[in-house]
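Scroll down for the structure; my scribbles are underneath it.
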Amino acid sequence: MRPQEVVDYAKSLDCIHCGLCLRTCPTYQLTGAEPSSPRGRIYLMRAVAEGQLAATDPQYREEMDFCLACRHCESVCPAGVRFGEMIETARAGLEKTQPRGFLARTARRIGFGTILCSRLWLSLVASSMRLAQVTGAARLLGKLGRPLVEMPTVPPKSERAALPSSTPAAGTRRGEVAMLEGCAMRELYGRVNRATVEVLTLIGFETKVPSGHVCCGALHAHNGELEGARELARSTIEHFERCGSGPIVVNSAGCGAHMKAYGHLLADDAAWRERAGRFSARVKDFSEFVAAEMPTDLKGALGNELGTLAYDDPCHLCHGQQVRSQPRTLLERSGAARVELPDSESCCGSAGIYSMLRPNDSKAVFARKAEAFRSCGADTLVTANPGCHMQWESGLAREGVKARVLHLAEVMSAALRKAKR
Amino acid sequence: MRRELIDELLAALGPAGVIHEPARLLAYECDGLALLRQRPSVVLLPRTTEECARTMRILHREKIPVVGRGAGTGLSGGATPVEGGALIGFARMRDVLEVNVADQYARVQAGVVNVDLTLAAEKHGLFYAPDPSSQAACTIGGNVGENSGGPHCFKHGATTRHILGLVIVRDDGSVLDLSPPLADPLGYDLVGLFVGSEGMFGLATEITVRLVPTPAVTETLLAIFTDLDAACDAVSDAIAGRLEPSALEILDRLTIQAVEASVFAAGYPKEAEAVLLVEAEGSEIEVEATLAPLRAIAHKRGAIDIRRARSGAERKQLWAGRKGAFGAMGRIAPDLYVADVVVPRTKLRELVAASTRIARDKQLKLANVFHAGDGNLHPNISYDRRDADEVRRVLEASDEIMKVVVAAGGSLTGEHGVGLEKQEFMSLVFADDDLRAMCDVRRAWDPDGRLNPGKLIPVHACREMRGTGRPR
């Protein structure tokens, strides 16, 4: 394999080595080590392409794996380096140049190839996880069961039911939207999905959910499984094309950022390129869509009902989709008491499945976030992404901070409901 | 590097403090001057002055050369490693130790990022004045090493005017504490001597800096010109008129286009040939007394529009664009050579034109973005380091620019330091006796010439010094 095929050489040349990314990078913050920074990682990628560094070097793999792919660096890069795409390509390259051992390969095949693609499997896994959690079996598993013990309890089956394929608008109908139900979102945060439907219908939009759709492939892409990601992208496009051509509302920042980039993912696929571009143009984050469509006057509905809120920008919303003001606009309109969370654009350490793959690094990254939350005086943390949601719930519990974690959609549904009364 | 030595360093600093794997060392090959590269044999990241001293004692015993590194954003190769040498990085020493509001100073570890110091001071109505364009990344320690400048140094002076005290780890690992802030230094001003010594006298680990009160009023103007010469003339007029804004910056068309295409798009009009960014601070009356004549000068010199930042956010945006300019040039070519010369401010127009002509003659792409008020030009030449012929032409152009500038009464560096880049040109400005005097001072700090060797002083001037290294 030619070295230039395992990294994105052309993009690596966009980096002029100015260093403005350093301070934003969570792994550089932790270590102070240049190879653990965006600029350093790009330097290594370029060295691989130019034959200065073997793509088989274990330290090279370690630095690429250590990255959270939060894309904070992109938000401050004057040269416009597309680091998110570069790290995905580098990871995909590593799967070829440094194939994993049998066990890891099998686990990945089961995780990415089977579980994430099948509702049946997802549901089965969620049920088993819940069983292990409520019976205390997770504790008996020792180290293996620790992630289960630390994560929030998986909700009962009744809360993991499918959303109706269509929910009519409440009151005057203003249009229709399609909505992503999501793979993990439905199993772990069904209440967020229901709140999303409630908000969309309350503001006058019939809400459709494509039946049989499971996963958008974001986790695959972030972890270097680009082929699997492309397959899921094509399937996702097909599913949503069956729901008309209106907006596609996504309440998971990681999925939204990825679905907006299908055009790039399928750029080399002549049959799909344009279709993917059209699809991506329809994708809107929940906050983007609702901030544009919601009536402005909620009569200051919420007040102190949910306590004082602090909003934490999910990386793939602020850095991945440049959506920053809309969630804040919505919270303003909800009338809730609110404070700004310091450093809200820095990563919480969830980073998809990173928190499971590298729990210690993930916790170290979270420690700074917990400190920021403590200092800001809020008692409810608002997020807009299921990974971050889980990270905050388990992280705050671990740090002994009593606080509620809510998705923006949950806050808005409470506000709308109250305003209607 | 020998395994036992690595183990000893690991024992001194812990696993997070030692980088010795070849792949990871690669990332330290260069600083912001990517043209010159050398892999270090080890990188050490101490957490405290004590750890730094312990490390230096080991390296002294082993006679290993040492290069200090802040964030590696320097543009003169000051942090380029030396063959077989160690690199001591300060990226893990980033605690703000004290902000003394009453006495208006702060004490920080050397690895504190410039902007973090500003943020820490801001809460108390104070600020740290030197603000290099790389301030979101560069460290106070690096600023001390290079005596860095920045747009606001026009009014406030470069780093050296703001350093009150230092804790220095010397070549042999002994610690020199020059930290008590005294209004007037007693005895020799060692702190003053140390600032700008480019890592050749010792390693500063803790730094006491002067903070100044945030001005009551700050106004930022953007004057738009259809002609770069006219913008230069406006600045020359302002200087001649003894006006004292806090910053006077010029960006030319190519720079504007690169910035406007980036995340730091500041609303500079893309069709302008140049913009002049002006800031004034003080009381309302002082600010108006500075800006009214400046406006008149800009109009007289043909500015087609003068815009005023209407809020703090707008002002920030105007500055973010200016400060992202270096990085934004990554859109033009993979590498950028940033020259850093100072010219008499009466000759801005002719020397900007001269450097533009030199680059054009060599078929190079040149952009101008500079601290016009200080006469500190930054002719930026875009290139691709994979193209050997282009690299040769860049270096030739840089030579010619420096020669033209020195002939016109200018200087080799405004704020980036000499480093590796301009070392050979020191002889253009200094006689051998002058350089020898510098060698003498250097030898007093670093008798073995182990600290950042091969930088700043041209090789021929130090031949003598190498011959008299203290025998061990």
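We label chains A, B, ... in the order they appear in the structure tokens, count residues from 1 in each chain, and number ligands from 1 in the order shown.
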Run DSSP on the backbone and tell me which residues of range 57-150 of chain B come out as helix (DSSP H, G or I); list them as a JSON list (two decimals) with C-alpha atoms, in the first residue's frame.
```
[["chain", "number", "residue", "atom", "x", "y", "z"],
["B", 57, "ARG", "CA", 21.70, 19.03, 36.20],
["B", 58, "ILE", "CA", 21.53, 15.69, 34.45],
["B", 59, "LEU", "CA", 21.98, 17.23, 31.01],
["B", 60, "HIS", "CA", 24.89, 19.32, 32.30],
["B", 61, "ARG", "CA", 26.63, 16.25, 33.64],
["B", 114, "ASN", "CA", -0.15, 34.77, 26.53],
["B", 115, "VAL", "CA", -3.93, 34.97, 26.14],
["B", 116, "ASP", "CA", -4.51, 33.03, 29.36],
["B", 117, "LEU", "CA", -2.54, 35.66, 31.24],
["B", 118, "THR", "CA", -4.69, 38.31, 29.60],
["B", 119, "LEU", "CA", -7.85, 36.47, 30.63],
["B", 120, "ALA", "CA", -6.62, 36.08, 34.20],
["B", 121, "ALA", "CA", -5.83, 39.82, 34.41],
["B", 122, "GLU", "CA", -8.97, 40.98, 32.62],
["B", 140, "ILE", "CA", 5.15, 34.03, 28.19],
["B", 141, "GLY", "CA", 8.44, 32.13, 28.47],
["B", 142, "GLY", "CA", 8.85, 32.17, 24.71],
["B", 143, "ASN", "CA", 7.93, 35.87, 24.67],
["B", 144, "VAL", "CA", 10.71, 36.52, 27.18],
["B", 145, "GLY", "CA", 13.20, 34.54, 25.12],
["B", 146, "GLU", "CA", 12.43, 36.43, 21.93]]
```
I need the contact residues of chain B against chain A, so if you could list those with any atom within 8 Å, counting only C-alpha atoms, and return them as a PyMOL selection string, that would help.
chain B and resi 16+21+23-28+31-32+34+45+71-73+90-92+134+136-137+259+262-264+324-331+333-336
Hey, what's within 10 Å of Arg194 in chain A if we count only C-alpha atoms and toss same-chain stuff fewer than 2 positions away? As a list in words, please?
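Neighbouring residues, sequence-local ones excluded: Glu159, Ala162, Leu163, Pro164, Glu181, Arg186, Tyr189, Gly190, Arg191, Val192, Thr196, Val197, Glu198, Val199, Leu200, Ala409, Glu410 and Ser413 of chain A.
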Quick one: pull the distance between CA of Leu176 in chain B and CA of Ile207 in chain B, Å, one decimal.
12.1 Å
DSSP strand (DSSP E or B) selection over range 314-420 of chain A, as a list in words:
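The strand (DSSP E or B) subset of range 314-420 of chain A is Ala336, Arg338, Val339, Glu340, Thr380, Leu381, Val382, Thr383, Arg404, Val405, Leu406 and His407 of chain A.
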